[in-house]
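Raw contents of entry19.cif, mmCIF, N, CA, C and O atoms:
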```
data_coords
#
loop_
_atom_site.label_atom_id
_atom_site.label_comp_id
_atom_site.auth_asym_id
_atom_site.auth_seq_id
_atom_site.Cartn_x
_atom_site.Cartn_y
_atom_site.Cartn_z
N SER V 1 0.83 -1.18 0.00
CA SER V 1 0.00 0.00 0.00
C SER V 1 0.88 1.24 0.00
O SER V 1 2.00 1.24 0.51
N TYR V 2 0.36 2.29 -0.57
CA TYR V 2 1.09 3.53 -0.76
C TYR V 2 0.97 4.42 0.47
O TYR V 2 -0.13 4.73 0.93
N ILE V 3 2.09 4.84 1.04
CA ILE V 3 2.10 5.75 2.18
C ILE V 3 2.73 7.05 1.72
O ILE V 3 3.87 7.06 1.24
N ALA V 4 1.99 8.14 1.85
CA ALA V 4 2.49 9.44 1.43
C ALA V 4 2.94 10.25 2.64
O ALA V 4 2.21 10.36 3.62
N LEU V 5 4.14 10.78 2.55
CA LEU V 5 4.70 11.55 3.65
C LEU V 5 4.75 13.03 3.29
O LEU V 5 4.98 13.40 2.14
N ASP V 6 4.56 13.86 4.30
CA ASP V 6 4.72 15.29 4.15
C ASP V 6 6.18 15.58 3.85
O ASP V 6 7.08 15.06 4.52
N SER V 7 6.46 16.38 2.84
CA SER V 7 7.84 16.59 2.41
C SER V 7 8.69 17.31 3.45
O SER V 7 9.90 17.07 3.52
N LEU V 8 8.10 18.16 4.26
CA LEU V 8 8.87 18.90 5.26
C LEU V 8 9.12 18.08 6.53
O LEU V 8 10.25 17.93 6.98
N THR V 9 8.06 17.53 7.09
CA THR V 9 8.14 16.89 8.41
C THR V 9 8.41 15.40 8.35
O THR V 9 8.77 14.80 9.34
N LYS V 10 8.17 14.81 7.19
CA LYS V 10 8.26 13.35 7.01
C LYS V 10 7.20 12.59 7.81
O LYS V 10 7.29 11.39 8.01
N LEU V 11 6.18 13.31 8.26
CA LEU V 11 5.02 12.68 8.90
C LEU V 11 4.06 12.26 7.80
O LEU V 11 4.18 12.68 6.64
N LEU V 12 3.07 11.44 8.15
CA LEU V 12 2.03 11.10 7.19
C LEU V 12 1.38 12.40 6.71
O LEU V 12 1.14 13.31 7.50
N ASN V 13 1.12 12.48 5.42
CA ASN V 13 0.55 13.73 4.91
C ASN V 13 -0.94 13.83 5.22
O ASN V 13 -1.56 12.90 5.74
N HIS V 14 -1.52 14.97 4.91
CA HIS V 14 -2.92 15.29 5.22
C HIS V 14 -3.88 14.21 4.72
O HIS V 14 -4.70 13.70 5.47
N THR V 15 -3.76 13.86 3.46
CA THR V 15 -4.66 12.88 2.86
C THR V 15 -4.52 11.52 3.53
O THR V 15 -5.50 10.87 3.88
N TYR V 16 -3.28 11.08 3.72
CA TYR V 16 -3.06 9.75 4.27
C TYR V 16 -3.47 9.66 5.73
O TYR V 16 -4.04 8.65 6.15
N ILE V 17 -3.22 10.70 6.53
CA ILE V 17 -3.58 10.62 7.94
C ILE V 17 -5.10 10.59 8.09
O ILE V 17 -5.63 9.90 8.97
N LEU V 18 -5.83 11.29 7.22
CA LEU V 18 -7.30 11.22 7.28
C LEU V 18 -7.80 9.83 6.89
O LEU V 18 -8.74 9.32 7.51
N LYS V 19 -7.19 9.21 5.89
CA LYS V 19 -7.58 7.85 5.51
C LYS V 19 -7.27 6.87 6.64
O LYS V 19 -8.06 5.98 6.94
N GLN V 20 -6.13 7.04 7.29
CA GLN V 20 -5.75 6.17 8.39
C GLN V 20 -6.71 6.35 9.57
O GLN V 20 -7.10 5.38 10.21
N LEU V 21 -7.09 7.60 9.84
CA LEU V 21 -8.04 7.87 10.92
C LEU V 21 -9.38 7.19 10.64
O LEU V 21 -9.96 6.56 11.53
N GLU V 22 -9.85 7.30 9.42
CA GLU V 22 -11.11 6.64 9.05
C GLU V 22 -11.02 5.12 9.27
O GLU V 22 -11.92 4.51 9.84
N PHE V 23 -9.91 4.54 8.85
CA PHE V 23 -9.69 3.10 9.02
C PHE V 23 -9.69 2.73 10.51
O PHE V 23 -10.31 1.74 10.91
N GLU V 24 -8.99 3.51 11.33
CA GLU V 24 -8.90 3.21 12.76
C GLU V 24 -10.25 3.37 13.46
O GLU V 24 -10.58 2.61 14.37
N ILE V 25 -11.04 4.35 13.06
CA ILE V 25 -12.38 4.52 13.63
C ILE V 25 -13.25 3.32 13.29
O ILE V 25 -13.95 2.78 14.15
N LEU V 26 -13.20 2.88 12.05
CA LEU V 26 -13.99 1.71 11.65
C LEU V 26 -13.54 0.46 12.41
O LEU V 26 -14.37 -0.34 12.84
N ARG V 27 -12.24 0.31 12.59
CA ARG V 27 -11.73 -0.84 13.34
C ARG V 27 -12.20 -0.79 14.79
O ARG V 27 -12.64 -1.80 15.35
N ALA V 28 -12.13 0.38 15.41
CA ALA V 28 -12.56 0.53 16.80
C ALA V 28 -14.05 0.22 16.94
O ALA V 28 -14.48 -0.43 17.89
N GLN V 29 -14.85 0.66 15.98
CA GLN V 29 -16.29 0.37 16.00
C GLN V 29 -16.53 -1.13 15.85
O GLN V 29 -17.34 -1.71 16.57
N ARG V 30 -15.84 -1.74 14.92
CA ARG V 30 -16.02 -3.17 14.66
C ARG V 30 -15.64 -4.01 15.88
O ARG V 30 -16.32 -4.98 16.22
N LEU V 31 -14.57 -3.61 16.57
CA LEU V 31 -14.10 -4.36 17.73
C LEU V 31 -14.71 -3.86 19.04
O LEU V 31 -14.41 -4.38 20.11
N ASN V 32 -15.56 -2.84 18.92
CA ASN V 32 -16.20 -2.24 20.09
C ASN V 32 -15.15 -1.82 21.13
O ASN V 32 -15.26 -2.12 22.31
N GLN V 33 -14.12 -1.14 20.64
CA GLN V 33 -13.04 -0.67 21.50
C GLN V 33 -12.91 0.85 21.39
O GLN V 33 -13.26 1.43 20.35
N PRO V 34 -12.39 1.48 22.42
CA PRO V 34 -12.23 2.93 22.37
C PRO V 34 -11.08 3.32 21.44
O PRO V 34 -10.21 2.50 21.11
N ILE V 35 -11.08 4.57 21.05
CA ILE V 35 -10.01 5.13 20.22
C ILE V 35 -9.67 6.51 20.78
O ILE V 35 -10.55 7.21 21.29
N ALA V 36 -8.42 6.87 20.73
CA ALA V 36 -7.99 8.20 21.17
C ALA V 36 -7.34 8.93 20.00
O ALA V 36 -6.56 8.35 19.25
N VAL V 37 -7.70 10.19 19.86
CA VAL V 37 -7.15 11.03 18.80
C VAL V 37 -6.74 12.35 19.43
O VAL V 37 -7.48 12.92 20.23
N ALA V 38 -5.58 12.83 19.07
CA ALA V 38 -5.12 14.14 19.54
C ALA V 38 -4.78 15.00 18.34
O ALA V 38 -4.15 14.54 17.38
N MET V 39 -5.21 16.26 18.39
CA MET V 39 -4.86 17.21 17.34
C MET V 39 -4.23 18.42 18.03
O MET V 39 -4.81 18.96 18.97
N VAL V 40 -3.06 18.80 17.57
CA VAL V 40 -2.31 19.89 18.19
C VAL V 40 -2.22 21.04 17.20
O VAL V 40 -1.92 20.84 16.02
N ASP V 41 -2.46 22.24 17.70
CA ASP V 41 -2.33 23.44 16.88
C ASP V 41 -1.27 24.33 17.51
O ASP V 41 -1.23 24.48 18.73
N LEU V 42 -0.39 24.89 16.71
CA LEU V 42 0.64 25.78 17.22
C LEU V 42 0.12 27.22 17.21
O LEU V 42 -0.01 27.83 16.15
N ASP V 43 -0.20 27.72 18.39
CA ASP V 43 -0.66 29.11 18.48
C ASP V 43 0.46 30.05 18.08
O ASP V 43 1.63 29.82 18.39
N TYR V 44 0.10 31.08 17.37
CA TYR V 44 1.03 32.15 16.99
C TYR V 44 2.18 31.67 16.10
O TYR V 44 3.24 32.30 16.05
N PHE V 45 1.98 30.57 15.40
CA PHE V 45 3.04 30.06 14.53
C PHE V 45 3.40 31.07 13.44
O PHE V 45 4.57 31.21 13.07
N LYS V 46 2.41 31.80 12.95
CA LYS V 46 2.66 32.83 11.94
C LYS V 46 3.67 33.85 12.45
O LYS V 46 4.51 34.34 11.68
N GLN V 47 3.61 34.15 13.73
CA GLN V 47 4.56 35.11 14.31
C GLN V 47 6.00 34.58 14.25
O GLN V 47 6.94 35.36 14.08
N ILE V 48 6.17 33.28 14.39
CA ILE V 48 7.52 32.70 14.27
C ILE V 48 8.04 32.93 12.85
O ILE V 48 9.16 33.40 12.66
N ASN V 49 7.21 32.62 11.85
CA ASN V 49 7.61 32.83 10.46
C ASN V 49 7.87 34.31 10.18
O ASN V 49 8.85 34.66 9.52
N ASP V 50 6.98 35.18 10.68
CA ASP V 50 7.12 36.61 10.41
C ASP V 50 8.34 37.21 11.11
O ASP V 50 9.01 38.09 10.57
N THR V 51 8.64 36.74 12.32
CA THR V 51 9.74 37.30 13.10
C THR V 51 11.08 36.71 12.71
O THR V 51 12.07 37.43 12.56
N TYR V 52 11.15 35.40 12.54
CA TYR V 52 12.43 34.72 12.35
C TYR V 52 12.61 34.16 10.93
O TYR V 52 13.68 33.65 10.61
N GLY V 53 11.56 34.21 10.12
CA GLY V 53 11.65 33.71 8.75
C GLY V 53 11.15 32.29 8.61
O GLY V 53 11.11 31.52 9.58
N HIS V 54 10.75 31.96 7.40
CA HIS V 54 10.19 30.63 7.13
C HIS V 54 11.19 29.49 7.36
O HIS V 54 10.78 28.42 7.83
N PRO V 55 12.48 29.68 7.10
CA PRO V 55 13.41 28.58 7.40
C PRO V 55 13.40 28.22 8.89
O PRO V 55 13.47 27.04 9.24
N MET V 56 13.28 29.20 9.76
CA MET V 56 13.21 28.91 11.20
C MET V 56 11.87 28.25 11.53
O MET V 56 11.82 27.32 12.35
N GLY V 57 10.80 28.70 10.91
CA GLY V 57 9.50 28.04 11.10
C GLY V 57 9.55 26.58 10.68
O GLY V 57 8.98 25.72 11.35
N ASP V 58 10.26 26.30 9.60
CA ASP V 58 10.42 24.91 9.14
C ASP V 58 11.17 24.09 10.19
O ASP V 58 10.82 22.93 10.45
N ILE V 59 12.18 24.68 10.79
CA ILE V 59 12.94 23.96 11.83
C ILE V 59 12.04 23.65 13.01
O ILE V 59 12.08 22.53 13.55
N VAL V 60 11.20 24.60 13.40
CA VAL V 60 10.27 24.38 14.51
C VAL V 60 9.35 23.20 14.18
O VAL V 60 9.14 22.31 15.01
N LEU V 61 8.80 23.19 12.97
CA LEU V 61 7.90 22.10 12.58
C LEU V 61 8.62 20.75 12.57
O LEU V 61 8.08 19.74 13.02
N LYS V 62 9.84 20.73 12.05
CA LYS V 62 10.61 19.48 12.01
C LYS V 62 10.91 18.97 13.41
O LYS V 62 10.77 17.78 13.69
N LYS V 63 11.34 19.86 14.30
CA LYS V 63 11.68 19.45 15.67
C LYS V 63 10.44 18.98 16.42
O LYS V 63 10.50 17.99 17.16
N LEU V 64 9.34 19.67 16.25
CA LEU V 64 8.09 19.24 16.90
C LEU V 64 7.65 17.88 16.37
O LEU V 64 7.22 17.02 17.14
N SER V 65 7.81 17.67 15.08
CA SER V 65 7.46 16.38 14.47
C SER V 65 8.31 15.26 15.06
O SER V 65 7.80 14.19 15.40
N GLU V 66 9.61 15.53 15.19
CA GLU V 66 10.51 14.53 15.79
C GLU V 66 10.10 14.22 17.23
O GLU V 66 10.12 13.07 17.65
N LEU V 67 9.71 15.25 17.96
CA LEU V 67 9.27 15.07 19.34
C LEU V 67 8.06 14.14 19.41
O LEU V 67 8.04 13.20 20.21
N PHE V 68 7.07 14.39 18.57
CA PHE V 68 5.87 13.54 18.58
C PHE V 68 6.21 12.10 18.21
O PHE V 68 5.77 11.16 18.86
N VAL V 69 6.98 11.92 17.15
CA VAL V 69 7.30 10.57 16.68
C VAL V 69 8.05 9.77 17.74
O VAL V 69 7.81 8.57 17.91
N THR V 70 8.92 10.43 18.49
CA THR V 70 9.69 9.71 19.50
C THR V 70 8.90 9.48 20.78
O THR V 70 9.38 8.75 21.65
N ARG V 71 7.72 10.07 20.91
CA ARG V 71 6.95 9.94 22.14
C ARG V 71 5.70 9.07 22.01
O ARG V 71 4.97 8.89 22.96
N VAL V 72 5.45 8.54 20.82
CA VAL V 72 4.28 7.67 20.64
C VAL V 72 4.74 6.24 20.44
O VAL V 72 5.90 5.97 20.16
N ARG V 73 3.79 5.32 20.58
CA ARG V 73 4.09 3.90 20.37
C ARG V 73 4.32 3.62 18.89
O ARG V 73 3.87 4.37 18.03
N LYS V 74 5.00 2.54 18.60
CA LYS V 74 5.27 2.15 17.20
C LYS V 74 3.97 1.88 16.45
O LYS V 74 3.94 1.97 15.22
N THR V 75 2.91 1.54 17.17
CA THR V 75 1.63 1.23 16.52
C THR V 75 0.75 2.46 16.33
O THR V 75 -0.33 2.35 15.77
N ASP V 76 1.19 3.61 16.82
CA ASP V 76 0.42 4.85 16.68
C ASP V 76 0.79 5.56 15.37
O ASP V 76 1.81 5.25 14.76
N PHE V 77 -0.04 6.49 14.98
CA PHE V 77 0.17 7.23 13.74
C PHE V 77 0.30 8.71 14.04
O PHE V 77 -0.47 9.25 14.85
N VAL V 78 1.24 9.36 13.39
CA VAL V 78 1.43 10.80 13.52
C VAL V 78 1.42 11.38 12.12
O VAL V 78 2.13 10.91 11.23
N GLY V 79 0.59 12.41 11.92
CA GLY V 79 0.51 13.02 10.60
C GLY V 79 0.46 14.53 10.69
O GLY V 79 0.23 15.09 11.76
N ARG V 80 0.66 15.14 9.57
CA ARG V 80 0.56 16.60 9.47
C ARG V 80 -0.75 16.94 8.78
O ARG V 80 -0.95 16.63 7.60
N TYR V 81 -1.63 17.58 9.52
CA TYR V 81 -2.93 17.94 8.97
C TYR V 81 -2.86 19.25 8.20
O TYR V 81 -3.47 19.40 7.17
N GLY V 82 -2.11 20.21 8.73
CA GLY V 82 -1.99 21.53 8.07
C GLY V 82 -0.88 21.53 7.06
O GLY V 82 -0.31 20.51 6.70
N GLY V 83 -0.54 22.72 6.62
CA GLY V 83 0.59 22.85 5.71
C GLY V 83 0.13 22.88 4.29
O GLY V 83 0.79 22.86 3.35
#
```
Would you mind writing the file out in structure tokens?
Amino acid sequence: SYIALDSLTKLLNHTYILKQLEFEILRAQRLNQPIAVAMVDLDYFKQINDTYGHPMGDIVLKKLSELFVTRVRKTDFVGRYGG
């Protein structure tokens, strides 16, 4: 199966993370099990880009992505919804 990654963060891209979420919801319903979903928004991110430039904003996104990936289980999914 084809897995598409966000070019900046290397996380699952918008389209793929939504498809994966749909799949996981259906699986949880079928197995009558709970599911947890977290969505994080960076407040004032535009100010980072405006103050320090887009290259610094990219570094912030990459580092935050690395933080999430290293803090979840191997069976969890992390994707970039925005961008």
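You can rank V:Ile59, V:Ile25, V:Leu8, V:Val37 by their closest distance to Phe77 (chain V) using only N, CA, C and O atoms, and at the top of that list sits V:Val37.
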*Would you write out, as a PyMOL selection string, every residue that the PyMOL selection byres ((chain V and resi 38) around 8) captures in this file?*
chain V and resi 35-37+39-41+77-79
Would you put the residues from that selection into a file with N, CA, C and O atoms, as a PDB file, in the coordinates of the input?
```pdb
ATOM      1  N   ILE V  35     -11.080   4.570  21.050  1.00  0.00           N
ATOM      2  CA  ILE V  35     -10.010   5.130  20.220  1.00  0.00           C
ATOM      3  C   ILE V  35      -9.670   6.510  20.780  1.00  0.00           C
ATOM      4  O   ILE V  35     -10.550   7.210  21.290  1.00  0.00           O
ATOM      5  N   ALA V  36      -8.420   6.870  20.730  1.00  0.00           N
ATOM      6  CA  ALA V  36      -7.990   8.200  21.170  1.00  0.00           C
ATOM      7  C   ALA V  36      -7.340   8.930  20.000  1.00  0.00           C
ATOM      8  O   ALA V  36      -6.560   8.350  19.250  1.00  0.00           O
ATOM      9  N   VAL V  37      -7.700  10.190  19.860  1.00  0.00           N
ATOM     10  CA  VAL V  37      -7.150  11.030  18.800  1.00  0.00           C
ATOM     11  C   VAL V  37      -6.740  12.350  19.430  1.00  0.00           C
ATOM     12  O   VAL V  37      -7.480  12.920  20.230  1.00  0.00           O
ATOM     13  N   MET V  39      -5.210  16.260  18.390  1.00  0.00           N
ATOM     14  CA  MET V  39      -4.860  17.210  17.340  1.00  0.00           C
ATOM     15  C   MET V  39      -4.230  18.420  18.030  1.00  0.00           C
ATOM     16  O   MET V  39      -4.810  18.960  18.970  1.00  0.00           O
ATOM     17  N   VAL V  40      -3.060  18.800  17.570  1.00  0.00           N
ATOM     18  CA  VAL V  40      -2.310  19.890  18.190  1.00  0.00           C
ATOM     19  C   VAL V  40      -2.220  21.040  17.200  1.00  0.00           C
ATOM     20  O   VAL V  40      -1.920  20.840  16.020  1.00  0.00           O
ATOM     21  N   ASP V  41      -2.460  22.240  17.700  1.00  0.00           N
ATOM     22  CA  ASP V  41      -2.330  23.440  16.880  1.00  0.00           C
ATOM     23  C   ASP V  41      -1.270  24.330  17.510  1.00  0.00           C
ATOM     24  O   ASP V  41      -1.230  24.480  18.730  1.00  0.00           O
ATOM     25  N   PHE V  77      -0.040   6.490  14.980  1.00  0.00           N
ATOM     26  CA  PHE V  77       0.170   7.230  13.740  1.00  0.00           C
ATOM     27  C   PHE V  77       0.300   8.710  14.040  1.00  0.00           C
ATOM     28  O   PHE V  77      -0.470   9.250  14.850  1.00  0.00           O
ATOM     29  N   VAL V  78       1.240   9.360  13.390  1.00  0.00           N
ATOM     30  CA  VAL V  78       1.430  10.800  13.520  1.00  0.00           C
ATOM     31  C   VAL V  78       1.420  11.380  12.120  1.00  0.00           C
ATOM     32  O   VAL V  78       2.130  10.910  11.230  1.00  0.00           O
ATOM     33  N   GLY V  79       0.590  12.410  11.920  1.00  0.00           N
ATOM     34  CA  GLY V  79       0.510  13.020  10.600  1.00  0.00           C
ATOM     35  C   GLY V  79       0.460  14.530  10.690  1.00  0.00           C
ATOM     36  O   GLY V  79       0.230  15.090  11.760  1.00  0.00           O
TER      37      GLY V  79
END
```
*For the file shown, report as an MDAnalysis selection string the outcome of the PyMOL selection byres (((chain V and resi 9 and name CA) around 8) and name CA) at residue level.*
chainID V and resid 5:8 10:11 61:62 65 80
To test your reading of the structure, identify every residue in chain V that backbone DSSP assigns to helix (DSSP H, G or I), and report it as a CSV table (one decimal) with N, CA, C and O atoms, keeping the file's coordinate frame.
```csv
chain,number,residue,atom,x,y,z
V,14,HIS,N,-1.5,15.0,4.9
V,14,HIS,CA,-2.9,15.3,5.2
V,14,HIS,C,-3.9,14.2,4.7
V,14,HIS,O,-4.7,13.7,5.5
V,15,THR,N,-3.8,13.9,3.5
V,15,THR,CA,-4.7,12.9,2.9
V,15,THR,C,-4.5,11.5,3.5
V,15,THR,O,-5.5,10.9,3.9
V,16,TYR,N,-3.3,11.1,3.7
V,16,TYR,CA,-3.1,9.8,4.3
V,16,TYR,C,-3.5,9.7,5.7
V,16,TYR,O,-4.0,8.6,6.2
V,17,ILE,N,-3.2,10.7,6.5
V,17,ILE,CA,-3.6,10.6,7.9
V,17,ILE,C,-5.1,10.6,8.1
V,17,ILE,O,-5.6,9.9,9.0
V,18,LEU,N,-5.8,11.3,7.2
V,18,LEU,CA,-7.3,11.2,7.3
V,18,LEU,C,-7.8,9.8,6.9
V,18,LEU,O,-8.7,9.3,7.5
V,19,LYS,N,-7.2,9.2,5.9
V,19,LYS,CA,-7.6,7.8,5.5
V,19,LYS,C,-7.3,6.9,6.6
V,19,LYS,O,-8.1,6.0,6.9
V,20,GLN,N,-6.1,7.0,7.3
V,20,GLN,CA,-5.8,6.2,8.4
V,20,GLN,C,-6.7,6.4,9.6
V,20,GLN,O,-7.1,5.4,10.2
V,21,LEU,N,-7.1,7.6,9.8
V,21,LEU,CA,-8.0,7.9,10.9
V,21,LEU,C,-9.4,7.2,10.6
V,21,LEU,O,-10.0,6.6,11.5
V,22,GLU,N,-9.8,7.3,9.4
V,22,GLU,CA,-11.1,6.6,9.0
V,22,GLU,C,-11.0,5.1,9.3
V,22,GLU,O,-11.9,4.5,9.8
V,23,PHE,N,-9.9,4.5,8.8
V,23,PHE,CA,-9.7,3.1,9.0
V,23,PHE,C,-9.7,2.7,10.5
V,23,PHE,O,-10.3,1.7,10.9
V,24,GLU,N,-9.0,3.5,11.3
V,24,GLU,CA,-8.9,3.2,12.8
V,24,GLU,C,-10.2,3.4,13.5
V,24,GLU,O,-10.6,2.6,14.4
V,25,ILE,N,-11.0,4.4,13.1
V,25,ILE,CA,-12.4,4.5,13.6
V,25,ILE,C,-13.2,3.3,13.3
V,25,ILE,O,-14.0,2.8,14.2
V,26,LEU,N,-13.2,2.9,12.0
V,26,LEU,CA,-14.0,1.7,11.6
V,26,LEU,C,-13.5,0.5,12.4
V,26,LEU,O,-14.4,-0.3,12.8
V,27,ARG,N,-12.2,0.3,12.6
V,27,ARG,CA,-11.7,-0.8,13.3
V,27,ARG,C,-12.2,-0.8,14.8
V,27,ARG,O,-12.6,-1.8,15.4
V,28,ALA,N,-12.1,0.4,15.4
V,28,ALA,CA,-12.6,0.5,16.8
V,28,ALA,C,-14.0,0.2,16.9
V,28,ALA,O,-14.5,-0.4,17.9
V,29,GLN,N,-14.8,0.7,16.0
V,29,GLN,CA,-16.3,0.4,16.0
V,29,GLN,C,-16.5,-1.1,15.8
V,29,GLN,O,-17.3,-1.7,16.6
V,30,ARG,N,-15.8,-1.7,14.9
V,30,ARG,CA,-16.0,-3.2,14.7
V,30,ARG,C,-15.6,-4.0,15.9
V,30,ARG,O,-16.3,-5.0,16.2
V,31,LEU,N,-14.6,-3.6,16.6
V,31,LEU,CA,-14.1,-4.4,17.7
V,31,LEU,C,-14.7,-3.9,19.0
V,31,LEU,O,-14.4,-4.4,20.1
V,45,PHE,N,2.0,30.6,15.4
V,45,PHE,CA,3.0,30.1,14.5
V,45,PHE,C,3.4,31.1,13.4
V,45,PHE,O,4.6,31.2,13.1
V,46,LYS,N,2.4,31.8,13.0
V,46,LYS,CA,2.7,32.8,11.9
V,46,LYS,C,3.7,33.8,12.4
V,46,LYS,O,4.5,34.3,11.7
V,47,GLN,N,3.6,34.2,13.7
V,47,GLN,CA,4.6,35.1,14.3
V,47,GLN,C,6.0,34.6,14.2
V,47,GLN,O,6.9,35.4,14.1
V,48,ILE,N,6.2,33.3,14.4
V,48,ILE,CA,7.5,32.7,14.3
V,48,ILE,C,8.0,32.9,12.8
V,48,ILE,O,9.2,33.4,12.7
V,49,ASN,N,7.2,32.6,11.8
V,49,ASN,CA,7.6,32.8,10.5
V,49,ASN,C,7.9,34.3,10.2
V,49,ASN,O,8.8,34.7,9.5
V,50,ASP,N,7.0,35.2,10.7
V,50,ASP,CA,7.1,36.6,10.4
V,50,ASP,C,8.3,37.2,11.1
V,50,ASP,O,9.0,38.1,10.6
V,51,THR,N,8.6,36.7,12.3
V,51,THR,CA,9.7,37.3,13.1
V,51,THR,C,11.1,36.7,12.7
V,51,THR,O,12.1,37.4,12.6
V,52,TYR,N,11.2,35.4,12.5
V,52,TYR,CA,12.4,34.7,12.4
V,52,TYR,C,12.6,34.2,10.9
V,52,TYR,O,13.7,33.6,10.6
V,54,HIS,N,10.8,32.0,7.4
V,54,HIS,CA,10.2,30.6,7.1
V,54,HIS,C,11.2,29.5,7.4
V,54,HIS,O,10.8,28.4,7.8
V,55,PRO,N,12.5,29.7,7.1
V,55,PRO,CA,13.4,28.6,7.4
V,55,PRO,C,13.4,28.2,8.9
V,55,PRO,O,13.5,27.0,9.2
V,56,MET,N,13.3,29.2,9.8
V,56,MET,CA,13.2,28.9,11.2
V,56,MET,C,11.9,28.2,11.5
V,56,MET,O,11.8,27.3,12.4
V,57,GLY,N,10.8,28.7,10.9
V,57,GLY,CA,9.5,28.0,11.1
V,57,GLY,C,9.6,26.6,10.7
V,57,GLY,O,9.0,25.7,11.4
V,58,ASP,N,10.3,26.3,9.6
V,58,ASP,CA,10.4,24.9,9.1
V,58,ASP,C,11.2,24.1,10.2
V,58,ASP,O,10.8,22.9,10.4
V,59,ILE,N,12.2,24.7,10.8
V,59,ILE,CA,12.9,24.0,11.8
V,59,ILE,C,12.0,23.6,13.0
V,59,ILE,O,12.1,22.5,13.6
V,60,VAL,N,11.2,24.6,13.4
V,60,VAL,CA,10.3,24.4,14.5
V,60,VAL,C,9.4,23.2,14.2
V,60,VAL,O,9.1,22.3,15.0
V,61,LEU,N,8.8,23.2,13.0
V,61,LEU,CA,7.9,22.1,12.6
V,61,LEU,C,8.6,20.8,12.6
V,61,LEU,O,8.1,19.7,13.0
V,62,LYS,N,9.8,20.7,12.0
V,62,LYS,CA,10.6,19.5,12.0
V,62,LYS,C,10.9,19.0,13.4
V,62,LYS,O,10.8,17.8,13.7
V,63,LYS,N,11.3,19.9,14.3
V,63,LYS,CA,11.7,19.4,15.7
V,63,LYS,C,10.4,19.0,16.4
V,63,LYS,O,10.5,18.0,17.2
V,64,LEU,N,9.3,19.7,16.2
V,64,LEU,CA,8.1,19.2,16.9
V,64,LEU,C,7.6,17.9,16.4
V,64,LEU,O,7.2,17.0,17.1
V,65,SER,N,7.8,17.7,15.1
V,65,SER,CA,7.5,16.4,14.5
V,65,SER,C,8.3,15.3,15.1
V,65,SER,O,7.8,14.2,15.4
V,66,GLU,N,9.6,15.5,15.2
V,66,GLU,CA,10.5,14.5,15.8
V,66,GLU,C,10.1,14.2,17.2
V,66,GLU,O,10.1,13.1,17.6
V,67,LEU,N,9.7,15.2,18.0
V,67,LEU,CA,9.3,15.1,19.3
V,67,LEU,C,8.1,14.1,19.4
V,67,LEU,O,8.0,13.2,20.2
V,68,PHE,N,7.1,14.4,18.6
V,68,PHE,CA,5.9,13.5,18.6
V,68,PHE,C,6.2,12.1,18.2
V,68,PHE,O,5.8,11.2,18.9
V,69,VAL,N,7.0,11.9,17.2
V,69,VAL,CA,7.3,10.6,16.7
V,69,VAL,C,8.0,9.8,17.7
V,69,VAL,O,7.8,8.6,17.9
V,70,THR,N,8.9,10.4,18.5
V,70,THR,CA,9.7,9.7,19.5
V,70,THR,C,8.9,9.5,20.8
V,70,THR,O,9.4,8.8,21.6
V,71,ARG,N,7.7,10.1,20.9
V,71,ARG,CA,7.0,9.9,22.1
V,71,ARG,C,5.7,9.1,22.0
V,71,ARG,O,5.0,8.9,23.0
```
*Have a look at CA of Ala28 (chain V) and atom O of Val72 (chain V) and let me know their distance in Å, one decimal.*
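A separation of 19.5 Å between them.
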*Please measure the separation of CA of Leu67 (chain V) and CA of Gly53 (chain V), giving the value in Å to one decimal.*
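Going from CA of Leu67 (chain V) over to CA of Gly53 (chain V), I get 21.6 Å.
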